[in-house]
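Asks: I am attaching a structure below and will ask some questions about it afterwards.
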Amino acid sequence: MCARFSERQPQRSDTPPRLRARVIAAHGRLLRVRTATGEERLARPAGRKTIVVCGDEVECEHDARHSELRIAAIAPRSGALYRSNARGQGELIATHLTLLAVVIAPVPAPDFFIVDRYLAAADSAGIRAAVLLNKSELALEAVDAAALETYVRLGHAVHRVSAHTQAGFGALRATLRNATAALVGQSGVGKSSLTRALVPASEASVGALLRDDEGRHTTTAVRLYPLPDGGAIIDSPGVRDFAPAIDRLEPRALGFAEIAALSPGCRFSDCGHMREPGCAVRAATGTSLDARRYESYRRLRRLYERLQPRPGER
């Protein structure tokens, strides 16, 4: 099992020094890291149960039996994005994020309930979030303008951009500058197109970045690209649905900032804002609280309660 940097044991004087690196591509246990000198190498975790993901800062040892590195230690994580699997367990996606950029587009039509769940995951993890409306050169009738205005009122930047024409890229680059941002969202919204437009070097085949044990190229699931103006973006696969890890959500408001602001006015301190009497959240729905956002919260609350461990389960 990999140690944390602060827990690592002193190295023997006859062993090669460890290399500090950052994970820039991940496909299961097959990883690619970039060292402080800019060298890129294949690597694998030292322990079978050790989870290492894109964005992790690690220490590596030379593996004498293979041409790759072995990850021996992981730095303490911050800005970690988790999703929930079917059993309600959290699965780590990426780490050291300072910005979560949720990408939507006119085609496919946006699912704002998915957007809300990404924003809830970001809020609960203390990660700044923004919404990118890509393909802005297309007709925007399918995009609910009121939903975008709600996100702006909540303090999230909303950028109308086009990977095709690069419209809106000036403001987008300013938002991304010196950030480590993950591009997330539904399949087909153009995350990879945005990545190629922002980082021309990403046009290179990602298959060449990772090879399996038999030398075959693999498709990387998550990939980090340095931005020309500073910072980095992490391109992740598109999704049909997304649920934040329930054990990482703030339990009272589930990452909905406006509900957190209203909940002190509820009659009961443990109000779930569903059926309880004297609920300030339900009273505000349709006026100061957007009705669609409240329905989104209700859906996530039901999922949260369904995935809660039963008594006696760990």
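Labels used: A, B, ... for chains in the order of the structure tokens, numbers from 1 for residues in each chain, and numbers from 1 for ligands as shown.
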Could you pull the residues within 12 Å of Leu289 in chain A, counting only C-alpha atoms, minus those fewer than 3 positions along the same chain, as a ChimeraX atom specification?
Replies: /A:150-151,153-154,256-263,280-286,292-297
Asks: Put those residues in a file: C-alpha atoms, as an mmCIF file, in the first residue's frame.
Replies:
data_model
loop_
_atom_site.group_PDB
_atom_site.id
_atom_site.type_symbol
_atom_site.label_atom_id
_atom_site.label_comp_id
_atom_site.auth_asym_id
_atom_site.auth_seq_id
_atom_site.Cartn_x
_atom_site.Cartn_y
_atom_site.Cartn_z
ATOM 1 C CA THR A 150 -30.023 31.075 -11.530
ATOM 2 C CA TYR A 151 -26.422 29.823 -11.635
ATOM 3 C CA ARG A 153 -27.202 34.503 -9.022
ATOM 4 C CA LEU A 154 -25.599 31.675 -7.055
ATOM 5 C CA PHE A 256 -27.133 23.426 -2.599
ATOM 6 C CA ALA A 257 -25.891 26.831 -1.458
ATOM 7 C CA GLU A 258 -29.282 28.572 -1.504
ATOM 8 C CA ILE A 259 -30.806 25.813 0.640
ATOM 9 C CA ALA A 260 -27.938 26.102 3.100
ATOM 10 C CA ALA A 261 -28.694 29.825 3.343
ATOM 11 C CA LEU A 262 -32.412 29.233 4.017
ATOM 12 C CA SER A 263 -32.168 26.250 6.385
ATOM 13 C CA ALA A 280 -38.223 27.699 5.480
ATOM 14 C CA VAL A 281 -36.911 26.062 2.316
ATOM 15 C CA ARG A 282 -40.300 24.805 1.154
ATOM 16 C CA ALA A 283 -41.877 28.135 2.074
ATOM 17 C CA ALA A 284 -39.410 29.961 -0.179
ATOM 18 C CA THR A 285 -39.865 27.638 -3.169
ATOM 19 C CA GLY A 286 -41.177 29.508 -6.183
ATOM 20 C CA ARG A 292 -36.567 23.560 -10.487
ATOM 21 C CA ARG A 293 -33.544 23.734 -8.201
ATOM 22 C CA TYR A 294 -35.710 22.641 -5.269
ATOM 23 C CA GLU A 295 -36.963 19.653 -7.285
ATOM 24 C CA SER A 296 -33.337 18.860 -8.090
ATOM 25 C CA TYR A 297 -32.550 18.941 -4.384
#
Asks: Write out as a Markdown table the residues of range 25-110 of chain A that have any atom within 7 Å of an atom of range 238-252 of chain A, one row each with the nearest atom pair and its distance in Å to one decimal, counting only C-alpha atoms, sorted by chain and then rising number.
Replies:
| residue | atom | partner | partner_atom | distance |
| --- | --- | --- | --- | --- |
| A:Tyr82 | CA | A:Ala245 | CA | 5.6 |
| A:Arg83 | CA | A:Pro244 | CA | 4.4 |
| A:Ser84 | CA | A:Ala245 | CA | 4.0 |
| A:Gly88 | CA | A:Ile246 | CA | 6.6 |
| A:Gln89 | CA | A:Ala245 | CA | 6.5 |
| A:Gly90 | CA | A:Ala245 | CA | 4.6 |
Asks: Please determine, counting only C-alpha atoms, which residue among A:Leu132, A:Ala64, A:Ile233, A:Val184 has the shortest atom-to-atom distance to Arg117 in chain A.
Replies: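 Closest to Arg117 in chain A, using only C-alpha atoms: A:Val184.
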Asks: Which residues, written as a VMD selection string, have at least one atom at most 7 Å from Thr50 in chain A, with only C-alpha atoms counted and residues fewer than 2 positions away on the same chain left out?
Replies: chain A and resid 1 to 2 45 47 to 48 52
Asks: List as a ChimeraX atom specification the protein and nucleic acid residues near Leu307 in chain A, meaning an atom at most 9 Å away when only C-alpha atoms are counted, but skip any in the same chain fewer than 2 places from it.
Replies: /A:86-89,246,302-305,309-310
Asks: Which residue gives the smallest distance to Arg41 in chain A among A:Cys60, A:Leu224, A:Ile234, A:Val199, with only C-alpha atoms counted?
Replies: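 Selected residue with least distance to Arg41 in chain A: A:Cys60.
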Asks: CA of Asn178 in chain A and CA of Arg196 in chain A are how many Å apart?
Replies: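 Taking CA of Asn178 in chain A as the start and CA of Arg196 in chain A as the end point, the length is 18.2 Å.
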Asks: Using only C-alpha atoms, which of A:Ser136, A:Asn85, A:Ser193, A:Thr98 sits nearest Arg177 in chain A?
Replies: A:Thr98
Asks: DSSP on the backbone, then: every residue of range 108-288 of chain A marked strand (DSSP E), written as a PyMOL selection string.
Replies: chain A and resi 128-133+157-160+180-185+222-226+232-235
Asks: Save the residues we just selected, N, CA and C atoms, as an mmCIF file, in the first residue's frame?
Replies:
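Everything below was put into again_28.cif:
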data_model
loop_
_atom_site.group_PDB
_atom_site.id
_atom_site.type_symbol
_atom_site.label_atom_id
_atom_site.label_comp_id
_atom_site.auth_asym_id
_atom_site.auth_seq_id
_atom_site.Cartn_x
_atom_site.Cartn_y
_atom_site.Cartn_z
ATOM 1 N N ARG A 128 -14.339 25.605 -6.559
ATOM 2 C CA ARG A 128 -15.057 26.620 -7.329
ATOM 3 C C ARG A 128 -15.644 25.973 -8.582
ATOM 4 N N ALA A 129 -16.808 26.436 -9.020
ATOM 5 C CA ALA A 129 -17.467 25.827 -10.176
ATOM 6 C C ALA A 129 -17.898 26.883 -11.176
ATOM 7 N N ALA A 130 -17.941 26.485 -12.446
ATOM 8 C CA ALA A 130 -18.420 27.337 -13.527
ATOM 9 C C ALA A 130 -19.201 26.471 -14.497
ATOM 10 N N VAL A 131 -20.046 27.111 -15.295
ATOM 11 C CA VAL A 131 -20.825 26.427 -16.322
ATOM 12 C C VAL A 131 -20.388 26.965 -17.676
ATOM 13 N N LEU A 132 -20.054 26.061 -18.599
ATOM 14 C CA LEU A 132 -19.638 26.442 -19.950
ATOM 15 C C LEU A 132 -20.714 26.004 -20.936
ATOM 16 N N LEU A 133 -21.341 26.964 -21.598
ATOM 17 C CA LEU A 133 -22.311 26.669 -22.647
ATOM 18 C C LEU A 133 -21.548 26.624 -23.964
ATOM 19 N N ALA A 157 -19.711 31.428 -12.442
ATOM 20 C CA ALA A 157 -19.477 32.031 -13.757
ATOM 21 C C ALA A 157 -20.140 31.179 -14.824
ATOM 22 N N VAL A 158 -20.805 31.821 -15.793
ATOM 23 C CA VAL A 158 -21.413 31.130 -16.921
ATOM 24 C C VAL A 158 -20.798 31.712 -18.188
ATOM 25 N N HIS A 159 -20.126 30.868 -18.964
ATOM 26 C CA HIS A 159 -19.461 31.324 -20.188
ATOM 27 C C HIS A 159 -20.154 30.710 -21.409
ATOM 28 N N ARG A 160 -20.524 31.559 -22.363
ATOM 29 C CA ARG A 160 -21.031 31.083 -23.652
ATOM 30 C C ARG A 160 -19.844 31.026 -24.608
ATOM 31 N N THR A 180 -6.495 24.533 -11.836
ATOM 32 C CA THR A 180 -6.533 23.144 -12.275
ATOM 33 C C THR A 180 -8.008 22.802 -12.396
ATOM 34 N N ALA A 181 -8.478 22.734 -13.641
ATOM 35 C CA ALA A 181 -9.920 22.631 -13.910
ATOM 36 C C ALA A 181 -10.241 21.292 -14.555
ATOM 37 N N ALA A 182 -11.299 20.662 -14.106
ATOM 38 C CA ALA A 182 -11.808 19.452 -14.731
ATOM 39 C C ALA A 182 -13.001 19.808 -15.598
ATOM 40 N N LEU A 183 -12.991 19.367 -16.853
ATOM 41 C CA LEU A 183 -14.133 19.531 -17.746
ATOM 42 C C LEU A 183 -15.015 18.294 -17.596
ATOM 43 N N VAL A 184 -16.256 18.500 -17.186
ATOM 44 C CA VAL A 184 -17.176 17.387 -16.946
ATOM 45 C C VAL A 184 -18.506 17.699 -17.617
ATOM 46 N N GLY A 185 -19.328 16.663 -17.802
ATOM 47 C CA GLY A 185 -20.642 16.884 -18.375
ATOM 48 C C GLY A 185 -21.123 15.708 -19.198
ATOM 49 N N VAL A 222 -8.966 9.536 -18.243
ATOM 50 C CA VAL A 222 -8.875 10.899 -17.726
ATOM 51 C C VAL A 222 -7.470 11.407 -18.035
ATOM 52 N N ARG A 223 -7.355 12.634 -18.538
ATOM 53 C CA ARG A 223 -6.065 13.141 -19.006
ATOM 54 C C ARG A 223 -5.895 14.597 -18.615
ATOM 55 N N LEU A 224 -4.735 14.958 -18.114
ATOM 56 C CA LEU A 224 -4.414 16.323 -17.711
ATOM 57 C C LEU A 224 -3.527 16.969 -18.771
ATOM 58 N N TYR A 225 -3.888 18.211 -19.143
ATOM 59 C CA TYR A 225 -3.115 18.975 -20.124
ATOM 60 C C TYR A 225 -2.712 20.314 -19.514
ATOM 61 N N PRO A 226 -1.442 20.691 -19.579
ATOM 62 C CA PRO A 226 -1.052 22.023 -19.119
ATOM 63 C C PRO A 226 -1.562 23.091 -20.079
ATOM 64 N N ALA A 232 -3.936 24.056 -15.673
ATOM 65 C CA ALA A 232 -4.129 22.811 -16.401
ATOM 66 C C ALA A 232 -5.612 22.499 -16.486
ATOM 67 N N ILE A 233 -5.978 21.703 -17.480
ATOM 68 C CA ILE A 233 -7.345 21.193 -17.561
ATOM 69 C C ILE A 233 -7.290 19.675 -17.614
ATOM 70 N N ILE A 234 -8.284 19.060 -17.009
ATOM 71 C CA ILE A 234 -8.432 17.608 -17.010
ATOM 72 C C ILE A 234 -9.677 17.279 -17.813
ATOM 73 N N ASP A 235 -9.477 16.539 -18.898
ATOM 74 C CA ASP A 235 -10.584 16.122 -19.751
ATOM 75 C C ASP A 235 -11.054 14.753 -19.284
#
Asks: Within 7 Å of range 29-39 of chain A, counting only C-alpha atoms, which residues show up once you throw out same-chain ones fewer than 5 positions away? Write them as a PyMOL selection string, please.
Replies: chain A and resi 19-24+44-45+210
Asks: Would you kindly return, as a PyMOL selection string, each protein, DNA or RNA residue with an atom no farther than 9 Å from any atom of His96 in chain A, considering only C-alpha atoms and excluding same-chain residues fewer than 2 positions away?
Replies: chain A and resi 55-57+77-81+94+98+180
Asks: Nearest residue to Ser192 in chain A out of A:Gly272, A:Pro228, A:Pro277, A:Pro237, using only C-alpha atoms?
Replies: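 Distance minimum relative to Ser192 in chain A lands on A:Pro237.
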Asks: Could you pull out the alpha helix (DSSP H) residues of range 111-205 of chain A from DSSP and send them as JSON, numbers by chain?
Replies: {"A": [112, 113, 114, 115, 116, 117, 118, 119, 120, 121, 122, 123, 124, 125, 145, 146, 147, 148, 149, 150, 151, 152, 153, 169, 170, 171, 172, 173, 174, 175, 176, 191, 192, 193, 194, 195, 196, 197, 198]}
Asks: Can you write just those residues out, C-alpha atoms, as a compact mmCIF listing (two decimals), in the first residue's frame?
Replies:
# COMPACT_ATOMS: atom_id res chain seq x y z
CA PHE A 112 -29.75 20.64 -15.61
CA PHE A 113 -30.34 18.03 -12.91
CA ILE A 114 -26.93 16.56 -13.83
CA VAL A 115 -25.44 20.07 -13.76
CA ASP A 116 -26.90 20.61 -10.28
CA ARG A 117 -25.31 17.39 -9.02
CA TYR A 118 -21.89 18.37 -10.30
CA LEU A 119 -22.28 21.77 -8.63
CA ALA A 120 -23.35 20.05 -5.38
CA ALA A 121 -20.26 17.84 -5.49
CA ALA A 122 -18.06 20.89 -6.09
CA ASP A 123 -19.69 22.92 -3.29
CA SER A 124 -19.33 20.07 -0.78
CA ALA A 125 -15.65 19.63 -1.74
CA ALA A 145 -31.95 30.78 -20.03
CA ALA A 146 -33.61 31.02 -16.61
CA ALA A 147 -31.50 28.09 -15.37
CA LEU A 148 -28.32 29.87 -16.46
CA GLU A 149 -29.45 33.07 -14.74
CA THR A 150 -30.02 31.07 -11.53
CA TYR A 151 -26.42 29.82 -11.63
CA VAL A 152 -25.17 33.38 -12.07
CA ARG A 153 -27.20 34.50 -9.02
CA PHE A 169 -12.40 32.17 -25.34
CA GLY A 170 -10.91 35.39 -23.95
CA ALA A 171 -13.08 35.29 -20.82
CA LEU A 172 -12.77 31.50 -20.62
CA ARG A 173 -8.98 31.60 -20.67
CA ALA A 174 -9.04 34.25 -17.93
CA THR A 175 -11.20 31.95 -15.78
CA LEU A 176 -8.89 28.98 -16.40
CA LYS A 191 -15.40 18.65 -23.84
CA SER A 192 -12.64 17.13 -25.99
CA SER A 193 -13.23 19.77 -28.68
CA LEU A 194 -12.79 22.48 -26.07
CA THR A 195 -9.61 20.78 -24.88
CA ARG A 196 -8.18 20.67 -28.40
CA ALA A 197 -9.05 24.34 -28.95
CA LEU A 198 -7.49 25.42 -25.64
Asks: Would you please work out which residue, of A:Leu42, A:Ala179, A:Ala105, A:Ala72, is nearest to Ile127 in chain A when using only C-alpha atoms?
Replies: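 Checking each of A:Leu42, A:Ala179, A:Ala105, A:Ala72 against Ile127 in chain A, counting only C-alpha atoms, the winner is A:Ala179.
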Asks: One decimal, in Å: what's the spacing between CA of Phe5 in chain A and CA of Ala26 in chain A?
Replies: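 Answer for the CA of Phe5 in chain A to CA of Ala26 in chain A separation: 20.5 Å.
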Asks: Please, what distance in Å, to one decimal, runs between CA of Val103 in chain A and CA of His27 in chain A?
Replies: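 Taking CA of Val103 in chain A as the start and CA of His27 in chain A as the end point, the length is 22.3 Å.
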Asks: Taking 6 positions as the minimum chain separation for residues in the same chain, which residues sit within 8 Å of Arg18 in chain A when counting only C-alpha atoms? Answer as a ChimeraX atom specification.
Replies: /A:59-62
Asks: Only N, CA and C atoms, please: the residues just picked out, written as a compact mmCIF listing (two decimals), in the first residue's frame.
Replies:
# COMPACT_ATOMS: atom_id res chain seq x y z
N GLU A 59 5.20 10.17 -5.24
CA GLU A 59 6.63 9.84 -5.25
C GLU A 59 6.78 8.47 -5.87
N CYS A 60 7.75 8.34 -6.77
CA CYS A 60 7.92 7.11 -7.53
C CYS A 60 9.29 6.50 -7.30
N GLU A 61 9.33 5.17 -7.36
CA GLU A 61 10.57 4.41 -7.29
C GLU A 61 10.78 3.71 -8.62
N HIS A 62 12.03 3.47 -8.96
CA HIS A 62 12.34 2.73 -10.18
C HIS A 62 12.03 1.25 -9.96
